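Data file: structure_26.cif. Format and content: mmCIF, C-alpha atoms.
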data_target
#
loop_
_atom_site.label_atom_id
_atom_site.label_comp_id
_atom_site.auth_asym_id
_atom_site.auth_seq_id
_atom_site.Cartn_x
_atom_site.Cartn_y
_atom_site.Cartn_z
CA MET A 1 0.00 0.00 0.00
CA SER A 2 1.44 3.34 -1.02
CA SER A 3 2.17 5.98 1.56
CA PRO A 4 0.33 9.37 1.62
CA LYS A 5 3.49 11.05 0.38
CA GLU A 6 3.65 8.77 -2.65
CA ARG A 7 -0.01 9.35 -3.43
CA THR A 8 0.39 13.15 -3.48
CA VAL A 9 3.31 13.18 -5.92
CA PRO A 10 1.26 12.42 -9.09
CA ARG A 11 -1.19 15.18 -8.17
CA LEU A 12 1.59 17.75 -7.96
CA ASP A 13 3.36 16.49 -11.08
CA PRO A 14 1.24 18.49 -13.60
CA LEU A 15 1.74 21.60 -11.51
CA GLY A 16 5.48 21.00 -11.45
CA ARG A 17 5.60 20.46 -15.21
CA GLY A 18 3.65 23.65 -15.79
CA LEU A 19 5.92 25.65 -13.50
CA GLN A 20 8.98 24.21 -15.20
CA ARG A 21 7.59 25.10 -18.61
CA VAL A 22 6.84 28.76 -17.87
CA THR A 23 10.19 29.30 -16.15
CA ALA A 24 12.48 27.30 -18.44
CA GLN A 25 11.53 28.90 -21.75
CA ALA A 26 9.89 31.95 -23.27
CA LEU A 27 6.76 30.57 -24.88
CA GLY A 28 5.50 31.58 -28.29
CA PRO A 29 8.72 32.84 -29.91
CA TYR A 30 7.08 33.14 -33.33
CA GLN A 31 3.89 34.72 -32.01
CA SER A 32 5.75 37.36 -29.99
CA ALA A 33 7.99 38.09 -32.98
CA VAL A 34 5.09 38.59 -35.37
CA VAL A 35 3.37 40.86 -32.83
CA ARG A 36 6.56 42.91 -32.58
CA ILE A 37 6.89 43.15 -36.34
CA GLY A 38 3.20 43.93 -36.82
CA PHE A 39 2.95 46.80 -34.36
CA ALA A 40 6.33 48.28 -35.23
CA ALA A 41 5.42 48.23 -38.92
CA THR A 42 1.97 49.71 -38.28
CA TRP A 43 3.33 52.61 -36.22
CA LEU A 44 6.19 53.20 -38.66
CA LEU A 45 3.88 53.31 -41.68
CA PHE A 46 1.54 55.67 -39.86
CA LEU A 47 4.35 58.06 -38.94
CA LEU A 48 5.70 58.03 -42.48
CA ARG A 49 2.29 58.64 -44.03
CA GLU A 50 1.59 61.53 -41.66
CA LEU A 51 5.05 63.03 -42.08
CA PRO A 52 3.73 66.09 -44.01
CA HIS A 53 1.03 66.61 -41.33
CA ARG A 54 3.08 65.82 -38.23
CA ALA A 55 2.98 69.37 -36.89
CA GLU A 56 -0.82 69.47 -37.07
CA LEU A 57 -1.17 66.08 -35.39
CA TYR A 58 1.33 66.21 -32.55
CA GLY A 59 3.39 69.36 -33.00
CA PRO A 60 3.14 73.08 -32.39
CA ASP A 61 0.42 73.54 -35.04
CA SER A 62 -1.93 71.04 -33.42
CA PRO A 63 -5.45 72.27 -32.53
CA TRP A 64 -4.82 70.71 -29.14
CA GLY A 65 -2.29 73.33 -28.11
CA TRP A 66 0.79 72.81 -26.00
CA ASP A 67 -0.68 74.69 -23.02
CA MET A 68 -3.88 72.61 -23.10
CA ALA A 69 -1.85 69.41 -23.31
CA ARG A 70 0.33 70.57 -20.43
CA GLN A 71 -2.74 71.25 -18.30
CA LEU A 72 -4.29 67.85 -19.05
CA ILE A 73 -1.07 65.94 -18.42
CA SER A 74 -0.59 67.69 -15.09
CA GLU A 75 -3.91 66.14 -14.04
CA ASN A 76 -3.61 62.60 -15.44
CA ASP A 77 0.22 62.20 -15.11
CA ALA A 78 0.51 60.76 -18.62
CA PHE A 79 4.01 60.26 -19.96
CA THR A 80 5.26 62.31 -22.91
CA VAL A 81 8.65 63.84 -23.53
CA LEU A 82 7.05 66.44 -25.81
CA MET A 83 5.98 68.35 -22.71
CA TRP A 84 9.59 69.00 -21.78
CA SER A 85 9.80 71.78 -24.36
CA ASP A 86 7.54 73.51 -26.88
CA ALA A 87 10.40 74.16 -29.32
CA GLN A 88 9.95 73.10 -32.94
CA LEU A 89 13.40 71.50 -32.97
CA TRP A 90 12.54 69.30 -29.97
CA PHE A 91 9.35 68.11 -31.63
CA GLU A 92 11.20 67.23 -34.84
CA PHE A 93 13.77 65.29 -32.84
CA VAL A 94 11.11 63.29 -30.98
CA TYR A 95 9.22 62.52 -34.19
CA GLY A 96 12.40 61.35 -35.90
CA PHE A 97 13.28 59.36 -32.80
CA ALA A 98 9.91 57.57 -32.98
CA VAL A 99 10.45 56.74 -36.66
CA LEU A 100 13.96 55.41 -36.03
CA THR A 101 13.05 53.25 -33.03
CA SER A 102 10.07 51.80 -34.92
CA ALA A 103 12.30 50.78 -37.80
CA LEU A 104 14.93 49.26 -35.52
CA LEU A 105 12.34 47.32 -33.52
CA LEU A 106 10.83 46.09 -36.77
CA VAL A 107 14.10 44.50 -37.87
CA GLY A 108 14.93 43.38 -34.34
CA TRP A 109 18.15 45.31 -33.66
CA ARG A 110 18.90 45.38 -29.91
CA THR A 111 15.32 44.31 -29.35
CA ARG A 112 15.20 44.70 -25.57
CA THR A 113 16.45 48.29 -25.74
CA MET A 114 14.42 49.21 -28.81
CA SER A 115 11.19 47.95 -27.23
CA VAL A 116 11.64 50.47 -24.41
CA LEU A 117 12.54 53.30 -26.79
CA PHE A 118 9.62 52.32 -29.04
CA MET A 119 7.28 52.63 -26.07
CA ILE A 120 8.71 56.07 -25.27
CA GLY A 121 8.08 57.24 -28.84
CA VAL A 122 4.53 55.90 -28.94
CA LEU A 123 3.52 57.34 -25.57
CA SER A 124 5.18 60.68 -26.22
CA LEU A 125 3.32 61.34 -29.46
CA GLN A 126 -0.04 59.85 -28.54
CA ASN A 127 -0.24 61.45 -25.09
CA ARG A 128 0.62 64.82 -26.62
CA SER A 129 -2.64 64.83 -28.61
CA ILE A 130 -4.95 62.22 -27.17
CA PHE A 131 -7.83 63.02 -29.53
CA MET A 132 -5.92 61.97 -32.64
CA GLY A 133 -6.48 58.45 -33.93
CA ASP A 134 -9.15 56.02 -35.09
CA GLY A 135 -9.07 53.34 -32.38
CA GLY A 136 -6.01 51.54 -33.64
CA ASP A 137 -3.84 54.03 -31.75
CA ASN A 138 -5.28 52.74 -28.46
CA VAL A 139 -4.24 49.19 -29.35
CA ILE A 140 -0.73 50.34 -30.31
CA HIS A 141 -0.55 52.32 -27.07
CA LEU A 142 -1.23 49.24 -24.94
CA MET A 143 0.83 46.79 -26.97
CA ALA A 144 3.85 49.10 -26.93
CA ILE A 145 3.86 48.79 -23.14
CA TYR A 146 3.38 45.02 -23.14
CA LEU A 147 6.18 44.45 -25.67
CA VAL A 148 8.71 45.88 -23.22
CA PHE A 149 8.31 42.80 -21.03
CA THR A 150 8.50 40.22 -23.82
CA ARG A 151 11.47 38.49 -25.36
CA CYS A 152 10.18 39.27 -28.81
CA GLY A 153 13.52 38.96 -30.59
CA GLN A 154 13.96 35.20 -30.31
CA VAL A 155 13.31 34.70 -34.02
CA TRP A 156 13.11 36.91 -37.12
CA SER A 157 15.45 39.57 -35.79
CA LEU A 158 18.93 40.93 -36.39
CA ASP A 159 19.75 39.95 -32.82
CA VAL A 160 19.44 36.30 -33.81
CA ARG A 161 21.80 36.75 -36.73
CA ARG A 162 24.27 38.72 -34.62
CA ARG A 163 24.41 35.99 -31.96
CA ALA A 164 24.70 33.26 -34.59
CA ARG A 165 27.65 35.05 -36.14
CA ALA A 166 29.22 35.58 -32.73
CA ARG A 167 29.05 31.88 -31.94
CA ALA A 168 30.61 31.01 -35.30
CA ASP A 169 33.27 33.70 -35.09
CA ASP A 170 36.92 32.73 -34.69
CA THR A 171 37.20 35.10 -31.73
CA GLU A 172 35.00 32.85 -29.57
CA ARG A 173 36.59 32.42 -26.16
CA ALA A 174 37.90 29.12 -24.88
CA ASP A 175 35.22 28.87 -22.18
CA GLY A 176 32.49 28.91 -24.84
CA ALA A 177 31.23 32.44 -24.14
CA TRP A 178 30.33 34.73 -26.99
CA ARG A 179 32.73 37.38 -28.19
CA VAL A 180 32.75 40.65 -26.32
CA ASP A 181 29.85 42.89 -27.32
CA ARG A 182 31.05 46.47 -27.55
CA VAL A 183 27.94 48.11 -29.00
CA GLY A 184 25.67 46.97 -26.18
CA PRO A 185 27.67 48.49 -23.31
CA VAL A 186 28.15 51.76 -25.21
CA LEU A 187 24.42 51.99 -25.89
CA TRP A 188 23.72 51.13 -22.26
CA ALA A 189 26.09 53.84 -21.02
CA VAL A 190 24.65 56.49 -23.35
CA LEU A 191 21.10 55.73 -22.27
CA GLY A 192 22.13 55.71 -18.62
CA THR A 193 23.69 59.15 -19.03
CA ALA A 194 20.55 60.46 -20.73
CA LEU A 195 18.38 58.99 -17.98
CA ALA A 196 20.57 60.61 -15.32
CA LEU A 197 20.19 63.99 -17.02
CA VAL A 198 16.43 63.60 -17.21
CA THR A 199 16.33 62.59 -13.56
CA GLY A 200 18.26 65.71 -12.66
CA MET A 201 15.79 67.82 -14.66
CA ASP A 202 12.97 66.44 -12.48
CA GLU A 203 10.79 65.79 -15.51
CA LEU A 204 9.70 62.26 -14.60
CA GLY A 205 7.35 61.07 -11.88
CA TRP A 206 8.45 58.44 -9.40
CA PHE A 207 6.70 55.61 -11.29
CA TRP A 208 8.55 56.29 -14.53
CA LEU A 209 11.84 56.82 -12.71
CA VAL A 210 11.54 53.44 -11.00
CA LEU A 211 10.51 51.75 -14.26
CA PHE A 212 13.26 53.21 -16.45
CA TRP A 213 16.03 52.85 -13.89
CA GLY A 214 14.88 49.30 -13.16
CA LEU A 215 14.95 48.39 -16.86
CA TRP A 216 18.35 50.05 -17.27
CA ALA A 217 19.81 48.22 -14.27
CA SER A 218 18.37 44.87 -15.32
CA GLN A 219 19.91 45.24 -18.76
CA GLY A 220 23.28 45.91 -17.15
CA LEU A 221 22.93 42.85 -14.94
CA TRP A 222 21.97 40.76 -17.96
CA TRP A 223 25.07 41.83 -19.88
CA ALA A 224 27.36 41.29 -16.88
CA ALA A 225 25.96 37.82 -16.21
CA GLY A 226 26.34 36.85 -19.85
CA ARG A 227 29.87 38.24 -19.97
CA TYR A 228 31.33 36.88 -16.74
CA ALA A 229 29.05 33.97 -15.79
CA PRO A 230 27.33 32.73 -18.96
CA ARG A 231 26.55 29.35 -17.35
CA GLY A 232 26.37 30.47 -13.75
CA ALA A 233 23.49 30.64 -11.31
CA GLN A 234 23.17 34.40 -11.83
CA ARG A 235 22.46 34.01 -15.55
CA LEU A 236 20.08 31.14 -14.85
CA LEU A 237 18.13 33.28 -12.38
CA LEU A 238 17.92 36.17 -14.85
CA ASP A 239 16.71 33.74 -17.51
CA VAL A 240 13.94 32.49 -15.22
CA VAL A 241 12.81 36.03 -14.39
CA ALA A 242 12.87 37.05 -18.06
CA ASN A 243 10.89 33.97 -19.06
CA LEU A 244 8.27 34.62 -16.40
CA ALA A 245 7.93 38.26 -17.47
CA HIS A 246 7.69 37.27 -21.13
CA ASN A 247 5.08 34.57 -20.58
CA ALA A 248 3.00 36.84 -18.35
CA ALA A 249 3.13 39.66 -20.90
CA LEU A 250 2.21 37.28 -23.71
CA LEU A 251 -0.79 36.11 -21.70
CA VAL A 252 -1.81 39.74 -21.09
CA ILE A 253 -1.62 40.42 -24.84
CA MET A 254 -3.90 37.46 -25.50
CA VAL A 255 -6.36 38.50 -22.80
CA GLU A 256 -6.31 42.08 -24.10
CA ALA A 257 -7.20 40.92 -27.61
CA CYS A 258 -10.05 38.81 -26.23
CA LEU A 259 -11.35 41.74 -24.16
CA ILE A 260 -11.32 44.03 -27.19
CA TYR A 261 -13.48 41.65 -29.20
CA ALA A 262 -15.72 40.62 -26.31
CA THR A 263 -16.53 44.18 -25.23
CA ALA A 264 -17.02 45.32 -28.82
CA GLY A 265 -19.37 42.42 -29.53
CA TRP A 266 -21.46 42.77 -26.38
CA TYR A 267 -21.79 46.54 -26.83
CA LYS A 268 -22.98 45.95 -30.39
CA ILE A 269 -25.66 43.57 -29.14
CA GLN A 270 -27.15 46.41 -27.10
CA GLY A 271 -27.48 48.69 -30.13
CA SER A 272 -30.77 48.76 -31.98
CA ARG A 273 -29.08 49.12 -35.39
CA TRP A 274 -27.05 45.98 -34.77
CA GLN A 275 -30.15 44.19 -33.57
CA ASP A 276 -32.08 44.91 -36.76
CA GLY A 277 -29.02 44.22 -38.94
CA THR A 278 -28.62 47.67 -40.50
CA ALA A 279 -25.59 48.99 -38.58
CA VAL A 280 -23.10 48.43 -41.39
CA TYR A 281 -25.23 50.45 -43.81
CA TYR A 282 -24.59 53.81 -42.12
CA PRO A 283 -20.77 54.04 -42.15
CA LEU A 284 -20.83 52.89 -45.78
CA ASN A 285 -22.78 56.06 -46.62
CA LEU A 286 -20.55 58.51 -44.74
CA ASP A 287 -18.08 60.45 -46.87
CA TYR A 288 -15.40 60.13 -44.19
CA PHE A 289 -15.55 56.34 -44.42
CA SER A 290 -15.97 56.08 -48.19
CA PRO A 291 -12.60 56.25 -49.94
CA TRP A 292 -14.15 54.19 -52.74
CA PRO A 293 -17.72 55.53 -53.11
CA ALA A 294 -18.63 53.08 -55.85
CA LEU A 295 -17.59 50.10 -53.73
CA SER A 296 -19.39 51.42 -50.66
CA GLU A 297 -22.54 52.02 -52.67
CA LEU A 298 -22.37 48.52 -54.14
CA LEU A 299 -22.21 46.92 -50.71
CA SER A 300 -24.83 49.13 -49.08
CA SER A 301 -27.30 48.58 -51.93
CA HIS A 302 -27.66 44.87 -51.09
CA GLY A 303 -29.78 44.55 -47.96
CA VAL A 304 -29.07 40.86 -47.48
CA MET A 305 -25.32 41.48 -47.63
CA VAL A 306 -25.59 44.28 -45.06
CA LEU A 307 -27.65 42.00 -42.80
CA ILE A 308 -25.16 39.14 -43.07
CA ILE A 309 -22.15 41.37 -42.38
CA SER A 310 -23.85 43.06 -39.40
CA TYR A 311 -24.92 39.84 -37.72
CA GLY A 312 -21.72 38.03 -38.70
CA THR A 313 -19.56 40.73 -37.13
CA VAL A 314 -21.39 40.48 -33.81
CA ILE A 315 -21.36 36.67 -33.80
CA VAL A 316 -17.64 36.43 -34.56
CA GLN A 317 -16.63 39.02 -31.96
CA VAL A 318 -18.76 37.57 -29.19
CA ALA A 319 -17.86 33.96 -29.95
CA PHE A 320 -14.13 34.31 -30.49
CA PRO A 321 -12.99 34.22 -26.82
CA PHE A 322 -15.04 31.05 -26.30
CA THR A 323 -13.47 29.25 -29.27
CA LEU A 324 -9.89 29.43 -28.03
CA LEU A 325 -10.20 26.02 -26.42
CA ASN A 326 -10.82 24.44 -29.80
CA ARG A 327 -7.96 24.84 -32.24
CA ARG A 328 -9.89 24.28 -35.47
CA VAL A 329 -12.81 26.54 -34.62
CA LYS A 330 -10.44 29.20 -33.33
CA ASN A 331 -8.45 29.16 -36.56
CA VAL A 332 -11.63 29.51 -38.63
CA LEU A 333 -12.86 32.52 -36.65
CA LEU A 334 -9.37 34.00 -36.64
CA THR A 335 -9.30 33.81 -40.43
CA LEU A 336 -12.71 35.46 -40.63
CA MET A 337 -11.63 38.32 -38.35
CA ILE A 338 -8.43 38.95 -40.28
CA CYS A 339 -10.43 39.02 -43.51
CA GLU A 340 -12.93 41.38 -41.89
CA HIS A 341 -10.16 43.80 -40.90
CA ALA A 342 -8.71 43.64 -44.40
CA VAL A 343 -12.14 44.58 -45.80
CA ILE A 344 -12.44 47.43 -43.27
CA ALA A 345 -9.03 48.73 -44.35
CA VAL A 346 -10.11 48.91 -47.99
CA VAL A 347 -13.81 49.72 -47.85
CA LEU A 348 -13.88 52.10 -44.87
CA GLY A 349 -10.41 53.56 -45.36
CA LEU A 350 -9.02 52.56 -41.95
CA PRO A 351 -5.76 50.81 -42.85
CA PHE A 352 -3.84 51.47 -39.65
CA PHE A 353 -6.71 50.45 -37.39
CA SER A 354 -6.96 47.20 -39.35
CA LEU A 355 -3.21 46.61 -39.30
CA ALA A 356 -3.14 47.12 -35.52
CA MET A 357 -5.97 44.64 -34.98
CA ILE A 358 -4.42 42.08 -37.34
CA ALA A 359 -1.14 42.42 -35.44
CA ALA A 360 -3.01 41.75 -32.18
CA ASP A 361 -4.78 38.77 -33.76
CA ALA A 362 -1.43 37.33 -34.83
CA VAL A 363 -0.70 36.22 -31.26
CA PHE A 364 -3.23 33.41 -31.82
CA LEU A 365 -1.80 32.18 -35.13
CA PRO A 366 -0.60 28.55 -35.14
CA THR A 367 3.13 28.07 -34.74
CA SER A 368 3.30 25.71 -37.73
CA PHE A 369 1.70 28.35 -39.94
CA LEU A 370 4.13 31.05 -38.81
CA ARG A 371 7.11 28.78 -39.31
CA ARG A 372 5.88 27.96 -42.80
CA ILE A 373 5.61 31.66 -43.61
CA GLY A 374 9.10 32.18 -42.24
CA SER A 375 10.43 29.43 -44.48
CA TRP A 376 8.74 30.96 -47.54
CA VAL A 377 10.19 34.37 -46.76
CA ALA A 378 13.64 32.90 -46.15
CA ARG A 379 13.58 31.03 -49.47
CA ALA A 380 12.36 34.12 -51.30
CA ARG A 381 15.10 36.22 -49.70
CA ALA A 382 17.74 33.62 -50.58
CA ALA A 383 16.53 33.48 -54.18
CA LEU A 384 16.56 37.26 -54.41
CA SER A 385 20.00 37.64 -52.86
CA ALA A 386 21.39 34.98 -55.20
CA ARG A 387 20.51 37.22 -58.13
CA LEU A 388 22.37 40.22 -56.69
CA PRO A 389 26.05 40.90 -57.47
CA LEU A 390 26.92 41.17 -53.77
CA SER A 391 25.76 37.62 -53.14
CA ARG A 392 29.14 36.29 -54.33
CA LEU A 393 30.91 38.35 -51.70
CA SER A 394 28.48 37.11 -49.05
CA ARG A 395 29.06 33.48 -49.97
CA GLY A 396 32.79 33.95 -49.97
CA SER A 397 32.99 35.77 -46.64
CA GLY A 398 32.41 32.65 -44.55
CA VAL A 399 29.69 34.30 -42.50
CA ALA A 400 26.67 32.20 -41.63
CA ARG A 401 23.76 33.34 -43.75
CA GLY A 402 20.56 32.00 -45.16
CA PRO A 403 17.27 30.73 -43.82
CA ALA A 404 18.80 28.82 -40.93
CA ALA A 405 20.00 31.88 -39.01
CA PRO A 406 16.59 33.15 -37.86
CA GLU A 407 15.75 29.68 -36.57
CA THR A 408 18.34 29.93 -33.78
CA ALA A 409 17.10 31.26 -30.48
CA PRO A 410 19.32 33.89 -28.86
CA GLN A 411 18.59 32.83 -25.31
CA GLY A 412 18.39 29.64 -23.34
CA GLY A 413 20.77 27.58 -25.43
CA GLN A 414 18.05 25.92 -27.53
CA SER A 415 16.86 26.52 -31.04
CA ALA A 416 13.70 28.45 -31.76
CA GLN A 417 12.38 25.40 -33.56
CA GLU A 418 12.72 23.35 -30.37
CA SER A 419 11.07 26.12 -28.38
CA ALA A 420 8.23 26.36 -30.86
CA GLU A 421 7.55 22.65 -30.59
CA HIS A 422 6.67 23.19 -26.92
CA ALA A 423 5.31 26.72 -27.14
CA ARG A 424 1.88 26.26 -28.65
CA VAL A 425 0.36 29.50 -27.43
CA GLY A 426 -3.13 30.51 -28.45
CA PHE A 427 -4.79 27.74 -26.41
CA GLY A 428 -3.96 24.88 -28.72
CA ALA A 429 -2.77 26.82 -31.74
#
Encoded form using structure tokens:
Amino acid sequence: MSSPKERTVPRLDPLGRGLQRVTAQALGPYQSAVVRIGFAATWLLFLLRELPHRAELYGPDSPWGWDMARQLISENDAFTVLMWSDAQLWFEFVYGFAVLTSALLLVGWRTRTMSVLFMIGVLSLQNRSIFMGDGGDNVIHLMAIYLVFTRCGQVWSLDVRRRARARADDTERADGAWRVDRVGPVLWAVLGTALALVTGMDELGWFWLVLFWGLWASQGLWWAAGRYAPRGAQRLLLDVVANLAHNAALLVIMVEACLIYATAGWYKIQGSRWQDGTAVYYPLNLDYFSPWPALSELLSSHGVMVLIISYGTVIVQVAFPFTLLNRRVKNVLLTLMICEHAVIAVVLGLPFFSLAMIAADAVFLPTSFLRRIGSWVARARAALSARLPLSRLSRGSGVARGPAAPETAPQGGQSAQESAEHARVGFGA
């Protein structure tokens, strides 16, 4: 007869396996990467499109004047560096800074640092003029904060390629550590100096001071542990903390996407126009939402089509959070929602709202599908580079290139492919 201690071990075993899983690896490397790419690309494209109108949106020519913004921010304690000065030169610098950090986060260069700087750019511009945007800006606002706590550069980033080259470099040390990274410490020191100056200017509240100094210090500890104790207990502890933060942030992103659809769907149910199936008709006949009048008129002239779209939108939004436990049903509804946002982008002229929502939906995409897309892109890139004259120099340089580089995870000592096999986020994706 087994003892009570022996009988309790099997009951705790699933809990132990779950705890080991969320601490030993950063789940969803492909999902977090595509979310990073999606939101960075959306914000970058928006800033580039609005480049001629930047002063009217967030600058000195904005209808929401600098004094009014200053008064509002003094009440809600929102973060924006644009309130440090009303000079035109400062605004141009911040706008260019937001464009640059978006591009660098998109390609995954120094992803941990760029995610923080990307958040600073997003919050600075959006909190300067809170009445600008079409709904997609709110999603970008939230996701920019969540991305700071994710390890979103595990795949499809320049960081992966840089670490792969470092491991294959002849300057690898005898103890197996990577070659000394000189850019990282310099960037860390520059940002620390800038943060010290801002602290001395007394422009940040205590919350933001604690957050930024904590992130800066943790990055320094991470570099020191990787440099002097790459296989020590200190690095292992930092890995566990980073994995926990990543997995928690990824879960928050998933919950946030579900809340967006659930609240939107249930609010629609309460509207009389959604109840009688005519809600879609009205925005199709507004000039503001009719970039293609002929197409809008064609859709609005078919009552059955309007009815189907109105009811279908409500059904999909309300049902989606409940379908996450079933992989096949979830994938069907996810496809429908992505198609719906693509139609909204074209028919209603809301491309950036749609791109933001598609980027949020991407966290639920199946890992196998994302890996297949990555393979297609890698093959297309290899075929394109083979046609270029510089490809001969690349092949003769001895540097690791090609589709295999993005498949190597930069942390944890395991490949992204191995991580993806165990990281089926999206509730059975």
Give me the residues within 7 Å of segment 261-268 of chain A as number ranges by chain, counting only C-alpha atoms and dropping any in the same chain fewer than 6 places off.
-> A: 274, 314, 317-318, 321
So what do you get for atom CA of Pro185 of chain A versus atom CA of Gly232 of chain A, distance-wise?
-> 20.4 Å
Evaluating the PyMOL selection byres ((chain A and resi 38) around 8) on the displayed file yields which residues, as an MDAnalysis selection string?
-> chainID A and resid 34:37 39:42 106 355:356 358:359
Which of these, A:Ala248, A:Ala233, A:Leu348, A:Ala78, has the shortest distance to Asn127 of chain A once you count all atoms listed in the file?
->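 Comparing A:Ala248, A:Ala233, A:Leu348, A:Ala78 against Asn127 of chain A, the winner is A:Ala78.
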Would you list the residues near (11.5, 37.3, -20.3) (no more than 8 Å away, in the coordinates of the file, using all atoms listed in the file) as a PyMOL selection string?
-> chain A and resi 26+149-151+239-247
Residues within 12 Å of Met68 of chain A, only C-alpha atoms, excluding chain neighbours under 4 positions, as a list in words |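 Using only C-alpha atoms, the neighbours found are Pro60, Ser62, Pro63, Trp64, Leu72, Ile73, Ser74, Glu75, Met83, Asn127, Arg128, Ser129 and Ile130 of chain A.
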Restricting the output to C-alpha atoms, write the selected residues as a tab-separated table (two decimals), in the frame of the given file.
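The resulting file, result17.tsv, is reproduced below:
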chain	number	residue	atom	x	y	z
A	60	PRO	CA	3.14	73.08	-32.39
A	62	SER	CA	-1.93	71.04	-33.42
A	63	PRO	CA	-5.45	72.27	-32.53
A	64	TRP	CA	-4.82	70.71	-29.14
A	72	LEU	CA	-4.29	67.85	-19.05
A	73	ILE	CA	-1.07	65.94	-18.42
A	74	SER	CA	-0.59	67.69	-15.09
A	75	GLU	CA	-3.91	66.14	-14.04
A	83	MET	CA	5.98	68.35	-22.71
A	127	ASN	CA	-0.24	61.45	-25.09
A	128	ARG	CA	0.62	64.82	-26.62
A	129	SER	CA	-2.64	64.83	-28.61
A	130	ILE	CA	-4.95	62.22	-27.17
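Going from atom CA of Leu47 of chain A to atom CA of Val99 of chain A covers 6.6 Å.
Of note, atom CA of Arg163 of chain A and atom CA of Asp181 of chain A are spaced 9.9 Å apart.
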If the PyMOL selection byres ((chain A and resi 349) around 12) is run on the structure shown, which residues does it catch, given as a list in words?
-> Asp134, Pro283, Leu284, Leu286, Asp287, Tyr288, Phe289, Ser290, Pro291, Trp292, Pro293, Leu295, Ser296, His341, Ala342, Val343, Ile344, Ala345, Val346, Val347, Leu348, Leu350, Pro351, Phe352, Phe353, Ser354 and Leu355 of chain A
